[in-house]
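Here is the structure we will look at.
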There are 2 protein chains.
Amino acid sequence: MSAQKPSIPRGTRDFGPAVVARRNYIFGIIRRTFEKFGYAPLETPTLENLSVLTGKYGEEGDQLLFKVLNSGDFAKEVTSEDLAAENRSKRILPKVAEKGLRYDLTVPFARYVVMNRNTLVFPFKRYQIQPVWRADRPQRGRYREFYQCDADVVGTDSLLCEAEIVLMMSEVLTQLGLTEHTIKINHRRVLGAFYQALGGEGTEVDLFTAIDKLDKIGREGVEKELVGRGFSADATERLFDLLSVGGDFAEKLERLLAAFVTAGVEPDNAEGYKGLQDLKRVYDYLVSFGFDKFENLEFDVTLARGLSYYTGCIFEIKINNVNMGSVSGGGRYDNLTGAFGLPGVSGVGFSFGVDRLYDCLDELNLFPPDAATTTRCLVANFDAESEAAVLPVLRQLREAGIPSELFPEAGKLKKQFQYADQKGIPYVLLQGSEERAAGQFKLKNLGTGTERALSLAEVLTELVK
Amino acid sequence: MSAQKPSIPRGTRDFGPAVVARRNYIFGIIRRTFEKFGYAPLETPTLENLSVLTGKYGEEGDQLLFKVLNSGDFAKEVTSEDLAAENRSKRILPKVAEKGLRYDLTVPFARYVVMNRNTLVFPFKRYQIQPVWRADRPQRGRYREFYQCDADVVGTDSLLCEAEIVLMMSEVLTQLGLTEHTIKINHRRVLGAFYQALGGEGTEVDLFTAIDKLDKIGREGVEKELVGRGFSADATERLFDLLSVGGDFAEKLERLLAAFVTAGVEPDNAEGYKGLQDLKRVYDYLVSFGFDKFENLEFDVTLARGLSYYTGCIFEIKINNVNMGSVSGGGRYDNLTGAFGLPGVSGVGFSFGVDRLYDCLDELNLFPPDAATTTRCLVANFDAESEAAVLPVLRQLREAGIPSELFPEAGKLKKQFQYADQKGIPYVLLQGSEERAAGQFKLKNLGTGTERALSLAEVLTELVK
């Protein structure tokens, strides 16, 4: 057999040591923040039954599910009629595949809640950091295997949860050094009131879809799309009056309330006004918390979050000094588990996109230097005698919690320094026969190039820093 | 559509918060130990090309690979001849699936080394903690999706690496509290010398296979199997003379050397004696390191590690006070990357089985109590007024690094205490109107049942402990 040239599937990635360390730096900050707010970790299997996954992500989502072939004689039930049919793959699929790969973290979470409804303690606050798979066309920044970091709480409709989501978002971004960010918040019912204010033309879905594109296609594009979908020019004019309400969070709340009244949103439209009330409540919670970054929080009435299942507050984060889509999003939903036979479970959650956060940190040079390496000290290997002498030293370095390694072969120091350099190890510890006689060491800092003669105690003090 | 009752595939598991926290406790100890010894993290994709996976795990392994259906019209190249063939599934497979799920961490590691041979720094020390998938028949303790924790170093044949594997194994087990363990070590060339000592009857493979079963089928069983495979009764007798050599590590080395000479292993059989020399070298390294747990290290001449690709030292760990197979194993291999066109890359590595470690810790009650929870303090929610008052307190708890949560709804304290209890939260902080007036708090320790009146500063001091 001739040796093959190996490769990995399109849209997948190997993460080498430096990248894993940096990704773990991001995961660590997200995880600790989730846990600090009382969210507990959940992990679900990579393999889910296709009966659980199918029909949950729309028709396009079903196409993008990775399906796993049944084991053994998987094709045994395929018939020649199947083969002759025009939609042969569609007909054959249920006969050859029962399982698929996790497509997001929300559906497995809903399944978990339903399967464990009798033992779970509600409100149930869980976070989940795991990869998901989508058979999407790979392109720059879009992968077939990527991580999601979700936090959700179900079983309560307290708006404290929404306020804490803003706090968690703010904390993660601040800790990552992404200070130039905007946390956008809106409410689906505010958008619903807009629809009513337009006089009931067109459909709500068309309105939301059009507003969602405002960023991309601008006012003119949105107007054109709305008119094309049966909205009058007059209605779209009124829409933009509403969308252009200005001021800070509290001012916008007041002005929109006034605008709703003017626009004829009926006072008994509990739906319409509840959105504003909810947002006011979230705002008040944040004030009580002593939240001090209101300049980063924007009540963005144009935020629509597509056609997803959200029913209450919705969130999104933009990093302002990087050209990049949103790095996080979420919202409240009223019926997460309905598809699995458990109606009326309200919840709210959000998700970080770790690949985008990574790219932002990379572009802004925000990774701390020590996020990229694990070994702190390389002990040089002169010869067999020196090797035996430094082994107890290596032990003491490690016992002091300093990740350390001895170059495994005696030989040219140049090669050993190259090894340290390429692996990003900041210190090299040397003890030649001279130093050994003096009971001393040379500690070289590869960053600064400085080299000092030190006792072992001094070496430990220096490296523990 | 009627709501479905959801389930997960056989052989897979959901890990709820308590279990994830305990698993992370184990992963954390393993990860920190690997890093302390200079191993750097690598992550490879879940999806690998079937061309990379197939043929690497024997015919049985190929059967157990999970294959992923191609996207889109996957069946388009299947013909009626394929369907008519007796081995239809085998014929159809390459037409419908190009990718599979990672089966172990070794083959992807080899692929990674070959693909990055020009940029990697050798010796390359990597660890990898990721799930793998096998379409095995699920049974107690055997899953279709499970984690492996591997550490390997390639590009050096220094026996320092073997010595450090013993140190890492010992450190992980000690940190986990699994003090009653035996780290078994042997060398494939010692087994090779045994084969020579038997006079060249039968085959080496048959000999190793039989010795590997000694634990399970006993001396009589092994003798019977060997005689059935063409070994003489006399040879099997001599084998058991060798296998029963006693003494501590150093004594066994000496006695085996003598036995080899007696048994006629030729002095110029570099292969045969090199095994003993290697083990002596590992032993000497450990002495130089100041390794102080030789009572847990056994030179076990009956250790064979099946028919795998090992060529040098081999390792295995048994937990002595739990009835359980080995929790870790590994060894040196000479040709990891040969199948991918890069011959002569020697390396040594080992792997922990986290599911078995988990079961051992569980059975021996060795999980620390705080490994099972994440939230440390629940702040009780009396009413709207109290809620607003405790939000800044909640903030301070979190700023002090104390994972805390406010029960999101005002209401019955009984329900809130139940919540804390079921979630394993050790403390509940209460501030009713009386305490608020006095600027005090009540802190209840749910473990001991004690309740103390404290100032906020005292609460922080107590909870940071």
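For the structure tokens, the naming scheme is as follows: chains receive sequential letters (A, B, ...) according to their order of presentation, residues are indexed from 1 within each chain, and ligands are indexed from 1 in presentation order.
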
Exercise. Which residues in segment 312-388 of chain B does DSSP call strand (DSSP E or B)? List them as a VMD selection string.
Worked result: chain B and resid 312 to 319 328 to 333 347 to 353 377 to 379

Problem set entry | Residues near Phe15 of chain A, cut-off 12 Å, only C-alpha atoms, skip fewer than 3 positions along chain, as a VMD selection string | (chain A and resid 12 18 to 24 146 355) or (chain B and resid 40 to 46 108 to 109 112 116 126 to 128)

Selected residues written out, N, CA, C and O atoms, as a tab-separated table (two decimals), in the first residue's frame:
chain	number	residue	atom	x	y	z
A	12	THR	N	-13.31	21.94	8.48
A	12	THR	CA	-12.89	21.54	9.82
A	12	THR	C	-11.47	22.06	10.06
A	12	THR	O	-10.78	22.45	9.12
A	18	ALA	N	-0.76	26.57	20.48
A	18	ALA	CA	-0.89	28.00	20.75
A	18	ALA	C	-2.35	28.43	20.61
A	18	ALA	O	-2.87	29.21	21.42
A	19	VAL	N	-3.03	27.89	19.60
A	19	VAL	CA	-4.43	28.27	19.37
A	19	VAL	C	-5.34	27.69	20.45
A	19	VAL	O	-6.24	28.36	20.96
A	20	VAL	N	-5.10	26.44	20.83
A	20	VAL	CA	-5.91	25.85	21.90
A	20	VAL	C	-5.77	26.67	23.18
A	20	VAL	O	-6.76	26.97	23.85
A	21	ALA	N	-4.54	27.06	23.50
A	21	ALA	CA	-4.31	27.82	24.74
A	21	ALA	C	-5.11	29.13	24.68
A	21	ALA	O	-5.71	29.55	25.67
A	22	ARG	N	-5.11	29.78	23.52
A	22	ARG	CA	-5.85	31.04	23.40
A	22	ARG	C	-7.35	30.82	23.43
A	22	ARG	O	-8.08	31.62	24.01
A	23	ARG	N	-7.80	29.77	22.79
A	23	ARG	CA	-9.23	29.46	22.85
A	23	ARG	C	-9.63	29.14	24.29
A	23	ARG	O	-10.68	29.58	24.76
A	24	ASN	N	-8.79	28.38	24.99
A	24	ASN	CA	-9.11	28.05	26.38
A	24	ASN	C	-9.15	29.29	27.26
A	24	ASN	O	-9.89	29.34	28.23
A	146	PHE	N	-17.88	23.86	14.80
A	146	PHE	CA	-17.49	25.04	15.58
A	146	PHE	C	-18.17	25.01	16.94
A	146	PHE	O	-19.17	24.31	17.13
A	355	ASP	N	-15.43	31.67	17.79
A	355	ASP	CA	-14.55	31.94	16.65
A	355	ASP	C	-14.46	33.44	16.36
A	355	ASP	O	-13.39	33.96	16.08
B	40	ALA	N	1.68	20.11	25.57
B	40	ALA	CA	0.84	21.22	25.11
B	40	ALA	C	-0.42	20.66	24.45
B	40	ALA	O	-0.39	19.59	23.85
B	41	PRO	N	-1.52	21.40	24.57
B	41	PRO	CA	-2.80	20.85	24.09
B	41	PRO	C	-2.95	20.87	22.57
B	41	PRO	O	-2.54	21.81	21.90
B	42	LEU	N	-3.54	19.83	22.04
B	42	LEU	CA	-3.89	19.75	20.62
B	42	LEU	C	-5.36	19.34	20.54
B	42	LEU	O	-5.83	18.55	21.36
B	43	GLU	N	-6.09	19.92	19.59
B	43	GLU	CA	-7.45	19.45	19.32
B	43	GLU	C	-7.60	19.20	17.83
B	43	GLU	O	-7.24	20.05	17.02
B	44	THR	N	-8.14	18.06	17.50
B	44	THR	CA	-8.35	17.72	16.09
B	44	THR	C	-9.86	17.63	15.85
B	44	THR	O	-10.63	17.49	16.79
B	45	PRO	N	-10.28	17.71	14.58
B	45	PRO	CA	-11.72	17.71	14.31
B	45	PRO	C	-12.39	16.37	14.65
B	45	PRO	O	-11.74	15.32	14.59
B	46	THR	N	-13.65	16.43	14.96
B	46	THR	CA	-14.47	15.23	15.15
B	46	THR	C	-14.57	14.46	13.85
B	46	THR	O	-14.49	13.24	13.83
B	108	PRO	N	-5.49	10.52	14.58
B	108	PRO	CA	-5.52	11.95	14.24
B	108	PRO	C	-4.23	12.67	14.63
B	108	PRO	O	-3.78	13.57	13.93
B	109	PHE	N	-3.62	12.25	15.73
B	109	PHE	CA	-2.34	12.84	16.14
B	109	PHE	C	-1.27	12.55	15.09
B	109	PHE	O	-0.54	13.45	14.65
B	112	TYR	N	-1.88	14.65	12.12
B	112	TYR	CA	-1.49	16.04	12.40
B	112	TYR	C	0.02	16.23	12.29
B	112	TYR	O	0.50	17.20	11.70
B	116	ASN	N	1.89	18.57	9.50
B	116	ASN	CA	2.60	19.76	10.01
B	116	ASN	C	4.09	19.49	10.25
B	116	ASN	O	4.73	20.22	11.01
B	126	ARG	N	2.54	16.55	22.97
B	126	ARG	CA	1.16	17.04	22.95
B	126	ARG	C	0.27	16.20	23.86
B	126	ARG	O	0.47	15.03	24.02
B	127	TYR	N	-0.74	16.89	24.42
B	127	TYR	CA	-1.80	16.12	25.05
B	127	TYR	C	-3.11	16.45	24.35
B	127	TYR	O	-3.22	17.49	23.68
B	128	GLN	N	-4.06	15.57	24.50
B	128	GLN	CA	-5.32	15.72	23.78
B	128	GLN	C	-6.42	15.09	24.63
B	128	GLN	O	-6.31	13.93	25.02

What are the closest atom pairs, with distances in Å to one decimal, for each residue of chain B lying within 6 Å of chain A, using only C-alpha atoms, rows by chain and rising residue number, as a tab-separated table?
residue	atom	partner	partner_atom	distance
B:Ala3	CA	A:Gly341	CA	4.7
B:Gln4	CA	A:Phe340	CA	5.4
B:Ile8	CA	A:Glu48	CA	5.8
B:Pro9	CA	A:Asn49	CA	5.9
B:Arg13	CA	A:Pro45	CA	5.9
B:Asp14	CA	A:Thr44	CA	4.5
B:Phe15	CA	A:Glu43	CA	5.0
B:Gly16	CA	A:Leu42	CA	5.0
B:Pro17	CA	A:Pro41	CA	4.8
B:Glu35	CA	A:Pro403	CA	5.9
B:Lys36	CA	A:Pro403	CA	3.7
B:Phe37	CA	A:Glu405	CA	5.7
B:Gly38	CA	A:Thr375	CA	5.0
B:Ala40	CA	A:Pro17	CA	5.4
B:Pro41	CA	A:Pro17	CA	4.8
B:Leu42	CA	A:Gly16	CA	5.0
B:Glu43	CA	A:Phe15	CA	5.0
B:Thr44	CA	A:Asp14	CA	4.5
B:Pro45	CA	A:Arg13	CA	5.9
B:Glu48	CA	A:Ile8	CA	5.8
B:Asn49	CA	A:Pro9	CA	5.9
B:Lys67	CA	A:Leu69	CA	5.5
B:Val68	CA	A:Val68	CA	4.4
B:Leu69	CA	A:Lys67	CA	5.5
B:Asp73	CA	A:Ser89	CA	5.5
B:Ala75	CA	A:Ser89	CA	5.1
B:Ser89	CA	A:Ala75	CA	5.1
B:Ser158	CA	A:Pro408	CA	5.8
B:Ser288	CA	A:Ala388	CA	5.8
B:Phe289	CA	A:Pro392	CA	4.9
B:Ala339	CA	A:Ala3	CA	5.6
B:Phe340	CA	A:Ala3	CA	5.2
B:Gly341	CA	A:Ala3	CA	4.7
B:Thr375	CA	A:Gly38	CA	5.0
B:Ala388	CA	A:Ser288	CA	5.8
B:Leu391	CA	A:Phe289	CA	4.9
B:Pro392	CA	A:Phe289	CA	4.9
B:Pro403	CA	A:Lys36	CA	3.7
B:Ser404	CA	A:Gly38	CA	5.6
B:Glu405	CA	A:Gly38	CA	5.3
B:Pro408	CA	A:Ser158	CA	5.8

With N, CA and C atoms retained, could you export that selection as a short mmCIF file (atom, residue, chain, number, x, y, z; two decimals), in the first residue's frame?
data_model
loop_
_atom_site.label_atom_id
_atom_site.label_comp_id
_atom_site.auth_asym_id
_atom_site.auth_seq_id
_atom_site.Cartn_x
_atom_site.Cartn_y
_atom_site.Cartn_z
N ALA B 3 -46.72 15.52 19.68
CA ALA B 3 -45.40 15.70 20.27
C ALA B 3 -44.75 14.34 20.49
N GLN B 4 -43.48 14.26 20.20
CA GLN B 4 -42.75 13.01 20.33
C GLN B 4 -42.16 12.90 21.73
N ILE B 8 -32.23 9.63 23.69
CA ILE B 8 -30.89 9.76 23.13
C ILE B 8 -30.44 8.41 22.62
N PRO B 9 -29.51 8.39 21.65
CA PRO B 9 -29.08 7.12 21.07
C PRO B 9 -28.47 6.19 22.13
N ARG B 13 -24.66 9.47 26.43
CA ARG B 13 -25.09 9.95 27.74
C ARG B 13 -25.23 11.47 27.76
N ASP B 14 -26.21 11.94 28.53
CA ASP B 14 -26.22 13.34 28.95
C ASP B 14 -25.47 13.42 30.26
N PHE B 15 -24.68 14.48 30.41
CA PHE B 15 -24.01 14.71 31.68
C PHE B 15 -24.60 15.95 32.33
N GLY B 16 -25.36 15.74 33.41
CA GLY B 16 -25.94 16.87 34.13
C GLY B 16 -24.89 17.61 34.93
N PRO B 17 -25.29 18.75 35.51
CA PRO B 17 -24.34 19.63 36.19
C PRO B 17 -23.43 18.94 37.21
N GLU B 35 0.39 19.51 31.59
CA GLU B 35 1.01 20.82 31.29
C GLU B 35 2.24 21.06 32.16
N LYS B 36 2.17 20.59 33.39
CA LYS B 36 3.31 20.76 34.29
C LYS B 36 4.55 20.05 33.74
N PHE B 37 4.30 19.00 32.95
CA PHE B 37 5.41 18.25 32.37
C PHE B 37 5.72 18.71 30.95
N GLY B 38 5.18 19.84 30.55
CA GLY B 38 5.55 20.43 29.27
C GLY B 38 4.76 19.93 28.07
N ALA B 40 1.68 20.11 25.57
CA ALA B 40 0.84 21.22 25.11
C ALA B 40 -0.42 20.66 24.45
N PRO B 41 -1.52 21.40 24.57
CA PRO B 41 -2.80 20.85 24.09
C PRO B 41 -2.95 20.87 22.57
N LEU B 42 -3.54 19.83 22.04
CA LEU B 42 -3.89 19.75 20.62
C LEU B 42 -5.36 19.34 20.54
N GLU B 43 -6.09 19.92 19.59
CA GLU B 43 -7.45 19.45 19.32
C GLU B 43 -7.60 19.20 17.83
N THR B 44 -8.14 18.06 17.50
CA THR B 44 -8.35 17.72 16.09
C THR B 44 -9.86 17.63 15.85
N PRO B 45 -10.28 17.71 14.58
CA PRO B 45 -11.72 17.71 14.31
C PRO B 45 -12.39 16.37 14.65
N GLU B 48 -13.21 13.15 10.45
CA GLU B 48 -11.98 12.86 9.73
C GLU B 48 -12.37 12.21 8.40
N ASN B 49 -11.52 12.36 7.41
CA ASN B 49 -11.78 11.65 6.17
C ASN B 49 -11.67 10.14 6.41
N LYS B 67 -19.70 6.23 10.29
CA LYS B 67 -19.52 6.92 9.00
C LYS B 67 -20.60 7.99 8.84
N VAL B 68 -20.23 9.10 8.24
CA VAL B 68 -21.15 10.23 8.08
C VAL B 68 -21.58 10.32 6.62
N LEU B 69 -22.88 10.37 6.41
CA LEU B 69 -23.43 10.45 5.04
C LEU B 69 -22.97 11.73 4.35
N ASP B 73 -27.52 15.10 -2.36
CA ASP B 73 -28.06 13.91 -3.02
C ASP B 73 -27.07 12.76 -2.90
N ALA B 75 -27.13 9.62 -2.56
CA ALA B 75 -27.29 8.31 -3.19
C ALA B 75 -27.16 8.35 -4.70
N SER B 89 -23.92 -3.31 1.12
CA SER B 89 -23.57 -2.17 1.98
C SER B 89 -22.10 -1.81 1.79
N SER B 158 14.51 9.19 23.87
CA SER B 158 15.02 9.31 25.24
C SER B 158 14.09 8.61 26.22
N SER B 288 16.94 9.11 40.29
CA SER B 288 17.51 10.47 40.23
C SER B 288 16.45 11.54 40.50
N PHE B 289 15.24 11.29 40.00
CA PHE B 289 14.16 12.25 40.21
C PHE B 289 13.76 12.34 41.68
N ALA B 339 2.07 4.99 8.20
CA ALA B 339 0.93 4.82 7.30
C ALA B 339 0.64 6.10 6.52
N PHE B 340 1.16 7.24 7.01
CA PHE B 340 0.94 8.50 6.31
C PHE B 340 2.20 8.99 5.60
N GLY B 341 3.14 8.06 5.40
CA GLY B 341 4.28 8.40 4.57
C GLY B 341 5.43 9.07 5.29
N THR B 375 -22.49 26.89 42.21
CA THR B 375 -22.94 28.06 42.97
C THR B 375 -22.61 27.87 44.45
N ALA B 388 -34.43 44.61 45.40
CA ALA B 388 -33.64 45.75 44.95
C ALA B 388 -32.48 46.01 45.91
N LEU B 391 -29.41 43.46 45.43
CA LEU B 391 -28.69 43.38 44.15
C LEU B 391 -27.25 43.88 44.26
N PRO B 392 -27.00 45.00 44.95
CA PRO B 392 -25.60 45.42 45.09
C PRO B 392 -24.78 44.41 45.90
N PRO B 403 -19.27 32.42 43.33
CA PRO B 403 -20.41 32.14 42.46
C PRO B 403 -21.71 32.24 43.25
N SER B 404 -22.57 33.13 42.86
CA SER B 404 -23.77 33.42 43.65
C SER B 404 -24.95 33.67 42.73
N GLU B 405 -26.14 33.44 43.28
CA GLU B 405 -27.33 33.78 42.52
C GLU B 405 -28.43 34.22 43.47
N PRO B 408 -34.78 33.98 41.43
CA PRO B 408 -35.30 35.01 40.54
C PRO B 408 -36.71 35.48 40.85
#

Exercise. Hey, what's within 8 Å of segment 176-183 of chain A if we count only C-alpha atoms and toss same-chain stuff fewer than 3 positions away? As a ChimeraX atom specification, please?
Worked result: /A:26,29,166,169-170,172-173,296-298,315-321,361,366

Seminar exercise, completed: From atom CA of Glu251 of chain B to atom CA of Phe208 of chain B the spacing works out at 23.5 Å
